[in-house]
$ cat data_30.cif   # mmCIF, C-alpha atoms, pLDDT in the B column; chains and numbers go by the auth columns
data_model
#
loop_
_atom_site.group_PDB
_atom_site.id
_atom_site.type_symbol
_atom_site.label_atom_id
_atom_site.label_comp_id
_atom_site.label_asym_id
_atom_site.label_seq_id
_atom_site.Cartn_x
_atom_site.Cartn_y
_atom_site.Cartn_z
_atom_site.B_iso_or_equiv
_atom_site.auth_seq_id
_atom_site.auth_asym_id
ATOM 1 C CA MET A 1 -17.476 99.924 -75.136 63.00 1 K
ATOM 2 C CA ASP A 2 -15.707 99.486 -71.817 75.00 2 K
ATOM 3 C CA PRO A 3 -16.257 96.065 -70.195 82.00 3 K
ATOM 4 C CA ALA A 4 -16.380 97.866 -66.833 81.00 4 K
ATOM 5 C CA GLY A 5 -19.840 99.086 -67.830 80.00 5 K
ATOM 6 C CA SER A 6 -21.320 95.640 -68.352 88.00 6 K
ATOM 7 C CA SER A 7 -19.284 93.439 -65.986 91.00 7 K
ATOM 8 C CA PRO A 8 -21.303 94.390 -62.843 92.00 8 K
ATOM 9 C CA LEU A 9 -24.483 93.453 -64.739 92.00 9 K
ATOM 10 C CA VAL A 10 -22.959 90.117 -65.731 92.00 10 K
ATOM 11 C CA ALA A 11 -21.934 89.500 -62.100 93.00 11 K
ATOM 12 C CA TRP A 12 -25.475 90.299 -60.945 92.00 12 K
ATOM 13 C CA LEU A 13 -27.003 87.998 -63.587 92.00 13 K
ATOM 14 C CA ALA A 14 -24.805 85.170 -62.262 93.00 14 K
ATOM 15 C CA SER A 15 -25.976 85.780 -58.681 91.00 15 K
ATOM 16 C CA ASP A 16 -28.918 84.292 -56.783 91.00 16 K
ATOM 17 C CA GLN A 17 -30.658 87.697 -56.935 88.00 17 K
ATOM 18 C CA ALA A 18 -31.217 87.217 -60.673 89.00 18 K
ATOM 19 C CA GLN A 19 -32.690 83.716 -60.538 88.00 19 K
ATOM 20 C CA HIS A 20 -36.084 85.086 -61.670 85.00 20 K
ATOM 21 C CA VAL A 21 -34.612 86.605 -64.846 88.00 21 K
ATOM 22 C CA THR A 22 -35.186 84.405 -67.897 87.00 22 K
ATOM 23 C CA GLY A 23 -35.578 85.391 -71.520 89.00 23 K
ATOM 24 C CA GLN A 24 -35.013 89.096 -70.844 90.00 24 K
ATOM 25 C CA VAL A 25 -32.983 91.518 -72.916 93.00 25 K
ATOM 26 C CA ILE A 26 -30.965 93.881 -70.735 93.00 26 K
ATOM 27 C CA ARG A 27 -28.591 96.391 -72.347 92.00 27 K
ATOM 28 C CA ALA A 28 -25.683 98.114 -70.595 91.00 28 K
ATOM 29 C CA ILE A 29 -24.489 101.252 -72.362 89.00 29 K
ATOM 30 C CA HIS A 30 -22.081 103.615 -70.576 86.00 30 K
ATOM 31 C CA ASP A 31 -23.753 104.483 -67.236 88.00 31 K
ATOM 32 C CA LYS A 32 -27.274 103.295 -68.172 92.00 32 K
ATOM 33 C CA ILE A 33 -28.910 99.884 -67.961 93.00 33 K
ATOM 34 C CA TYR A 34 -32.007 99.287 -70.080 94.00 34 K
ATOM 35 C CA LEU A 35 -34.683 96.625 -69.691 94.00 35 K
ATOM 36 C CA MET A 36 -36.030 96.011 -73.187 94.00 36 K
ATOM 37 C CA ARG A 37 -39.560 95.041 -74.252 91.00 37 K
ATOM 38 C CA GLY A 38 -39.271 93.997 -77.860 89.00 38 K
ATOM 39 C CA TRP A 39 -37.484 96.833 -79.641 88.00 39 K
ATOM 40 C CA GLN A 40 -38.557 99.429 -77.047 92.00 40 K
ATOM 41 C CA GLU A 41 -36.839 100.506 -73.841 93.00 41 K
ATOM 42 C CA ALA A 42 -39.261 99.572 -71.051 92.00 42 K
ATOM 43 C CA ALA A 43 -37.231 100.990 -68.143 92.00 43 K
ATOM 44 C CA THR A 44 -33.838 102.602 -67.600 94.00 44 K
ATOM 45 C CA ILE A 45 -31.558 103.139 -64.620 94.00 45 K
ATOM 46 C CA CYS A 46 -28.548 105.437 -64.590 93.00 46 K
ATOM 47 C CA SER A 47 -25.469 105.418 -62.362 91.00 47 K
ATOM 48 C CA GLY A 48 -24.928 109.171 -62.647 91.00 48 K
ATOM 49 C CA GLU A 49 -21.690 108.880 -64.624 89.00 49 K
ATOM 50 C CA LYS A 50 -20.191 106.566 -61.965 90.00 50 K
ATOM 51 C CA ARG A 51 -19.190 102.950 -62.419 89.00 51 K
ATOM 52 C CA TRP A 52 -21.841 100.434 -61.486 89.00 52 K
ATOM 53 C CA ASP A 53 -21.268 98.505 -58.265 87.00 53 K
ATOM 54 C CA ALA A 54 -22.190 94.827 -58.595 81.00 54 K
ATOM 55 C CA THR A 55 -23.212 94.519 -54.929 77.00 55 K
ATOM 56 C CA SER A 56 -25.787 97.330 -55.025 83.00 56 K
ATOM 57 C CA LEU A 57 -26.931 96.816 -58.601 89.00 57 K
ATOM 58 C CA GLY A 58 -29.444 94.109 -57.643 87.00 58 K
ATOM 59 C CA THR A 59 -31.450 96.505 -55.493 87.00 59 K
ATOM 60 C CA ARG A 60 -31.610 99.109 -58.270 89.00 60 K
ATOM 61 C CA ILE A 61 -32.655 96.501 -60.839 90.00 61 K
ATOM 62 C CA ALA A 62 -35.320 95.024 -58.545 87.00 62 K
ATOM 63 C CA THR A 63 -36.703 98.435 -57.573 87.00 63 K
ATOM 64 C CA ASP A 64 -36.346 100.568 -60.695 88.00 64 K
ATOM 65 C CA LEU A 65 -36.309 98.109 -63.625 89.00 65 K
ATOM 66 C CA TYR A 66 -38.547 95.261 -62.499 87.00 66 K
ATOM 67 C CA GLY A 67 -40.572 96.995 -59.773 84.00 67 K
ATOM 68 C CA THR A 68 -40.375 93.893 -57.575 80.00 68 K
ATOM 69 C CA ARG A 69 -39.217 95.729 -54.463 67.00 69 K
ATOM 70 C CA ALA A 70 -40.858 98.753 -52.887 62.00 70 K
ATOM 71 C CA PRO A 71 -38.721 101.913 -53.255 57.00 71 K
ATOM 72 C CA GLY A 72 -38.624 102.352 -49.445 56.00 72 K
ATOM 73 C CA LEU A 73 -36.704 99.067 -49.085 49.00 73 K
ATOM 74 C CA ARG A 74 -33.507 100.293 -50.755 47.00 74 K
#
$ encode --input "data_30.cif" --output "structure tokens"
Amino acid sequence: MDPAGSSPLVAWLASDQAQHVTGQVIRAIHDKIYLMRGWQEAATICSGEKRWDATSLGTRIATDLYGTRAPGLR
């Protein structure tokens, strides 16, 4: 478990973009980030074997995990 895989997620969670996130379980494993619903994976995003970038991660989470931003607004 390389901290480089989860540190961009931690940076995003500490940002103003994540102020709506409370009581959620989000897993970071290798190049994938999972939004959990109970014991099930509700949504997954993948970096394509690249390191996550903390500055662009918020857009991917909002669009692909939470569905709070229209895909055309990336």
$ residues_around --input "data_30.cif" --residues "region 56-62 of chain K" --least-positions-apart "5" --cutoff "8 Å" --atoms "only C-alpha atoms" --output "list in words"
Pro8, Leu9, Trp12, Gln17, Ala18, Ile45, Gly67, Thr68, Arg69 and Arg74 of chain K
$ resolve_selection --input "data_30.cif" --expression "the PyMOL selection byres ((chain K and resi 49) around 10)" --output "PyMOL selection string"
chain K and resi 30-32+46-48+50-52
$ resolve_selection --input "data_30.cif" --expression "the PyMOL selection byres ((chain K and resi 29) around 9)" --output "list of chain:residue names"
K:Met1, K:Asp2, K:Gly5, K:Ser6, K:Arg27, K:Ala28, K:His30, K:Asp31, K:Lys32, K:Ile33, K:Tyr34
$ write_last_selection --input "data_30.cif" --atoms "C-alpha atoms" --output "PDB file, keeping the file's coordinate frame"
ATOM      1  CA  MET K   1     -17.476  99.924 -75.136  1.00 63.00           C
ATOM      2  CA  ASP K   2     -15.707  99.486 -71.817  1.00 75.00           C
ATOM      3  CA  GLY K   5     -19.840  99.086 -67.830  1.00 80.00           C
ATOM      4  CA  SER K   6     -21.320  95.640 -68.352  1.00 88.00           C
ATOM      5  CA  ARG K  27     -28.591  96.391 -72.347  1.00 92.00           C
ATOM      6  CA  ALA K  28     -25.683  98.114 -70.595  1.00 91.00           C
ATOM      7  CA  HIS K  30     -22.081 103.615 -70.576  1.00 86.00           C
ATOM      8  CA  ASP K  31     -23.753 104.483 -67.236  1.00 88.00           C
ATOM      9  CA  LYS K  32     -27.274 103.295 -68.172  1.00 92.00           C
ATOM     10  CA  ILE K  33     -28.910  99.884 -67.961  1.00 93.00           C
ATOM     11  CA  TYR K  34     -32.007  99.287 -70.080  1.00 94.00           C
TER      12      TYR K  34
END
$ atom_distance --input "data_30.cif" --atom1 "CA of Met36 (chain K)" --atom2 "CA of Ala4 (chain K)"
20.7 Å
$ atom_distance --input "data_30.cif" --atom1 "CA of Asp53 (chain K)" --atom2 "CA of Gln40 (chain K)"
25.5 Å
$ atom_distance --input "data_30.cif" --atom1 "CA of Val21 (chain K)" --atom2 "CA of Tyr66 (chain K)"
9.8 Å
$ residues_around --input "data_30.cif" --residues "Ala11 (chain K)" --least-positions-apart "4" --cutoff "9 Å" --atoms "all atoms listed in the file" --output "PyMOL selection string"
chain K and resi 6-7+15+54-55
$ write_last_selection --input "data_30.cif" --atoms "C-alpha atoms" --output "short mmCIF file (atom, residue, chain, number, x, y, z; two decimals), in the frame of the given file"
data_model
loop_
_atom_site.label_atom_id
_atom_site.label_comp_id
_atom_site.auth_asym_id
_atom_site.auth_seq_id
_atom_site.Cartn_x
_atom_site.Cartn_y
_atom_site.Cartn_z
CA SER K 6 -21.32 95.64 -68.35
CA SER K 7 -19.28 93.44 -65.99
CA SER K 15 -25.98 85.78 -58.68
CA ALA K 54 -22.19 94.83 -58.60
CA THR K 55 -23.21 94.52 -54.93
#
$ axis_aligned_box --input "data_30.cif" --around "region 13-25 of chain K" --padding-each-side "8 Å" --output "lines of an AutoDock Vina configuration file"
center_x = -30.4
center_y = 87.6
center_z = -64.8
size_x = 27.3
size_y = 23.8
size_z = 32.1
